[in-house]
Amino acid sequence: AAAQRAGTVDPVRGDRSEGLGRIVAVWGPPGAPGRTTVAIALADEAARLGVPALLVDADTWAPSAAVVLGVVDDAPGLASACRRASAGTLDADALAALAREVRPGLRLLAGIPRAGRWTEVRAAALSDVLHAARSLAPLVVVDVGAPLESDEELVFDTAAPRRNAAALVTLEEADRVLVVASADPLGLVRLVAGVAELRDAVRGVEPAV
């Protein structure tokens with residue numbers, strides 16, 4: 001109701017087109033402003049409101065959603081989904097088999113088990129994963145890392161994996177971008193700079209802070 005009064009779109013119960021789910025990307029500037037905490041809370045609250053949610057940990061720098069939710073086994077997750085996407089064998093049913101049910105209505109697609117395996121999350125494959133995720137759940141919440149630079153591709157003569165591609169692809173394909181910042185002087189300075197960087201990196205984005 002508050003979102004409607006403010007003239008904004010409710011990220012949980014917003015309009016869905018063609019029966020596909022909505023993607024909400026949760027991003028924030030460097031530091032630890034609480035991106036993962038907000039992403040988990042949003043997905044969990046949606047599930048409690050009767051909106052099935054899929055939480056995707058696409059942070060290629062410090063994936064932590066599985067640990068926060070107490071999923072400590074080496075269950076297949078985002079890396080496996082990206083491999084299947086690259087092989088052309090990923091659909092909603094296959095993604096459901098890879099996602100862990102945390103509680104009724106809430107599934108988790110765990111992040112890469114070690115940050116060093118970021119090369120397994122290719123941009124094209126992640127885009128296919130997000131498309132399958134839209135078919136699996138009405139709400140897809142994606143936790144992404146802070147860095148948005150794409151300069152690493154400039155040092156290669158051929159196409160190479162980009163560590164920040166996961167964040168950039170997610171932010172470009174998201175229906176809604178939530179920016180999380182800490183409410184202190186340093187956090188606010190980082191927020192102002194971060195939102196400017198976000199708008200430079202992803203054209204047309206209108207984030208909600």
# chains A, B, ... in the order shown; residues from 1 in each chain; ligands from 1
$ select_by_dssp --residues "stretch 111-144 of chain A" --states "strand (DSSP E)" --output "PyMOL selection string"
chain A and resi 139-144
$ residues_around --residues "A:Glu197" --least-positions-apart "4" --cutoff "10 Å" --atoms "only C-alpha atoms" --output "ChimeraX atom specification"
/A:29,147-149,191-193,201-202
$ write_last_selection --atoms "all heavy atoms" --output "PDB file, in the first residue's frame"
ATOM      1  N   PRO A  29      26.524  -0.419  -2.971  1.00  0.00           N
ATOM      2  CA  PRO A  29      27.913  -0.009  -3.165  1.00  0.00           C
ATOM      3  C   PRO A  29      28.852  -0.840  -2.287  1.00  0.00           C
ATOM      4  O   PRO A  29      28.400  -1.612  -1.439  1.00  0.00           O
ATOM      5  CB  PRO A  29      27.908   1.460  -2.753  1.00  0.00           C
ATOM      6  CG  PRO A  29      26.743   1.591  -1.820  1.00  0.00           C
ATOM      7  CD  PRO A  29      25.722   0.621  -2.316  1.00  0.00           C
ATOM      8  N   PRO A 147      30.965  -4.646  -7.237  1.00  0.00           N
ATOM      9  CA  PRO A 147      31.735  -4.106  -8.372  1.00  0.00           C
ATOM     10  C   PRO A 147      30.967  -4.176  -9.684  1.00  0.00           C
ATOM     11  O   PRO A 147      30.334  -5.181  -9.990  1.00  0.00           O
ATOM     12  CB  PRO A 147      32.979  -5.017  -8.402  1.00  0.00           C
ATOM     13  CG  PRO A 147      33.082  -5.581  -7.028  1.00  0.00           C
ATOM     14  CD  PRO A 147      31.666  -5.758  -6.576  1.00  0.00           C
ATOM     15  N   LEU A 148      31.055  -3.104 -10.462  1.00  0.00           N
ATOM     16  CA  LEU A 148      30.375  -3.037 -11.754  1.00  0.00           C
ATOM     17  C   LEU A 148      31.339  -2.775 -12.909  1.00  0.00           C
ATOM     18  O   LEU A 148      30.911  -2.635 -14.047  1.00  0.00           O
ATOM     19  CB  LEU A 148      29.313  -1.927 -11.735  1.00  0.00           C
ATOM     20  CG  LEU A 148      28.175  -2.088 -10.724  1.00  0.00           C
ATOM     21  CD1 LEU A 148      27.249  -0.884 -10.789  1.00  0.00           C
ATOM     22  CD2 LEU A 148      27.400  -3.378 -10.965  1.00  0.00           C
ATOM     23  N   GLU A 149      32.637  -2.684 -12.618  1.00  0.00           N
ATOM     24  CA  GLU A 149      33.592  -2.386 -13.676  1.00  0.00           C
ATOM     25  C   GLU A 149      33.642  -3.521 -14.693  1.00  0.00           C
ATOM     26  O   GLU A 149      33.523  -4.685 -14.347  1.00  0.00           O
ATOM     27  CB  GLU A 149      35.003  -2.181 -13.104  1.00  0.00           C
ATOM     28  CG  GLU A 149      35.119  -1.042 -12.099  1.00  0.00           C
ATOM     29  CD  GLU A 149      34.760  -1.460 -10.687  1.00  0.00           C
ATOM     30  OE1 GLU A 149      34.343  -2.624 -10.501  1.00  0.00           O
ATOM     31  OE2 GLU A 149      34.888  -0.638  -9.777  1.00  0.00           O
ATOM     32  N   LEU A 191      26.870   5.628  -1.255  1.00  0.00           N
ATOM     33  CA  LEU A 191      25.588   5.509  -1.946  1.00  0.00           C
ATOM     34  C   LEU A 191      25.504   6.482  -3.113  1.00  0.00           C
ATOM     35  O   LEU A 191      25.123   6.107  -4.223  1.00  0.00           O
ATOM     36  CB  LEU A 191      24.444   5.766  -0.958  1.00  0.00           C
ATOM     37  CG  LEU A 191      23.041   5.907  -1.580  1.00  0.00           C
ATOM     38  CD1 LEU A 191      22.615   4.604  -2.241  1.00  0.00           C
ATOM     39  CD2 LEU A 191      22.029   6.325  -0.516  1.00  0.00           C
ATOM     40  N   VAL A 192      25.850   7.734  -2.864  1.00  0.00           N
ATOM     41  CA  VAL A 192      25.775   8.749  -3.917  1.00  0.00           C
ATOM     42  C   VAL A 192      26.681   8.364  -5.086  1.00  0.00           C
ATOM     43  O   VAL A 192      26.263   8.407  -6.254  1.00  0.00           O
ATOM     44  CB  VAL A 192      26.163  10.136  -3.368  1.00  0.00           C
ATOM     45  CG1 VAL A 192      26.267  11.149  -4.503  1.00  0.00           C
ATOM     46  CG2 VAL A 192      25.144  10.599  -2.328  1.00  0.00           C
ATOM     47  N   ALA A 193      27.911   7.972  -4.769  1.00  0.00           N
ATOM     48  CA  ALA A 193      28.837   7.581  -5.832  1.00  0.00           C
ATOM     49  C   ALA A 193      28.372   6.295  -6.507  1.00  0.00           C
ATOM     50  O   ALA A 193      28.494   6.137  -7.725  1.00  0.00           O
ATOM     51  CB  ALA A 193      30.239   7.403  -5.260  1.00  0.00           C
ATOM     52  N   ALA A 201      26.658   2.398 -15.688  1.00  0.00           N
ATOM     53  CA  ALA A 201      26.883   1.017 -16.126  1.00  0.00           C
ATOM     54  C   ALA A 201      25.646   0.402 -16.768  1.00  0.00           C
ATOM     55  O   ALA A 201      25.764  -0.421 -17.676  1.00  0.00           O
ATOM     56  CB  ALA A 201      27.343   0.160 -14.946  1.00  0.00           C
ATOM     57  N   VAL A 202      24.460   0.781 -16.269  1.00  0.00           N
ATOM     58  CA  VAL A 202      23.212   0.199 -16.760  1.00  0.00           C
ATOM     59  C   VAL A 202      22.293   1.333 -17.193  1.00  0.00           C
ATOM     60  O   VAL A 202      21.663   1.988 -16.359  1.00  0.00           O
ATOM     61  CB  VAL A 202      22.531  -0.660 -15.672  1.00  0.00           C
ATOM     62  CG1 VAL A 202      21.286  -1.328 -16.236  1.00  0.00           C
ATOM     63  CG2 VAL A 202      23.490  -1.698 -15.120  1.00  0.00           C
TER      64      VAL A 202
END
$ residues_around --residues "A:Ala166" --least-positions-apart "2" --cutoff "7 Å" --atoms "only C-alpha atoms" --output "PyMOL selection string"
chain A and resi 58+121+123+126+163-164+168-170
$ closest_atom_pairs --of "stretch 106-152 of chain A" --to "stretch 69-75 of chain A" --cutoff "10 Å" --atoms "only C-alpha atoms" --output "Markdown table"
| residue | atom | partner | partner_atom | distance |
| --- | --- | --- | --- | --- |
| A:Leu108 | CA | A:Leu69 | CA | 9.0 |
| A:Leu109 | CA | A:Ala75 | CA | 9.3 |
| A:Ala110 | CA | A:Ala75 | CA | 7.8 |
| A:Ile112 | CA | A:Asp74 | CA | 9.7 |
| A:Pro113 | CA | A:Asp74 | CA | 7.3 |
$ write_last_selection --atoms "all heavy atoms" --output "compact mmCIF listing (two decimals), in the first residue's frame"
# COMPACT_ATOMS: atom_id res chain seq x y z
N LEU A 108 16.14 -21.63 -2.95
CA LEU A 108 17.44 -20.97 -3.04
C LEU A 108 18.28 -21.63 -4.12
O LEU A 108 18.47 -22.84 -4.11
CB LEU A 108 18.19 -21.06 -1.70
CG LEU A 108 19.68 -20.67 -1.75
CD1 LEU A 108 19.82 -19.17 -2.02
CD2 LEU A 108 20.38 -21.06 -0.45
N LEU A 109 18.76 -20.81 -5.05
CA LEU A 109 19.78 -21.27 -5.98
C LEU A 109 21.09 -20.76 -5.44
O LEU A 109 21.42 -19.57 -5.57
CB LEU A 109 19.52 -20.74 -7.39
CG LEU A 109 20.45 -21.30 -8.48
CD1 LEU A 109 20.22 -22.81 -8.66
CD2 LEU A 109 20.22 -20.58 -9.80
N ALA A 110 21.81 -21.65 -4.77
CA ALA A 110 23.02 -21.25 -4.05
C ALA A 110 24.08 -20.71 -5.00
O ALA A 110 24.14 -21.06 -6.18
CB ALA A 110 23.57 -22.44 -3.27
N ILE A 112 28.19 -19.75 -6.12
CA ILE A 112 29.36 -20.58 -6.35
C ILE A 112 29.97 -20.95 -5.01
O ILE A 112 30.03 -20.14 -4.09
CB ILE A 112 30.39 -19.84 -7.23
CG1 ILE A 112 30.65 -18.42 -6.70
CG2 ILE A 112 29.90 -19.77 -8.68
CD1 ILE A 112 31.67 -17.65 -7.51
N PRO A 113 30.44 -22.21 -4.86
CA PRO A 113 30.94 -22.65 -3.56
C PRO A 113 32.22 -21.94 -3.11
O PRO A 113 32.48 -21.82 -1.93
CB PRO A 113 31.18 -24.15 -3.77
CG PRO A 113 31.33 -24.31 -5.24
CD PRO A 113 30.45 -23.27 -5.86
$ select_by_dssp --residues "chain A" --states "alpha helix (DSSP H)" --output "number ranges by chain"
A: 2-5, 35-48, 65-68, 78-87, 92-98, 123-136, 165-173, 185-201
$ closest_residue --among "A:Ala32, A:Ala81, A:Val141, A:Ala87" --to "A:Leu55" --atoms "only C-alpha atoms"
A:Val141
$ atom_distance --atom1 "atom CA of A:Leu90" --atom2 "atom CA of A:Leu106"
20.1 Å
$ residues_around --residues "A:Thr119" --least-positions-apart "2" --cutoff "8 Å" --atoms "only C-alpha atoms" --output "ChimeraX atom specification"
/A:116-117,121-122,161-163
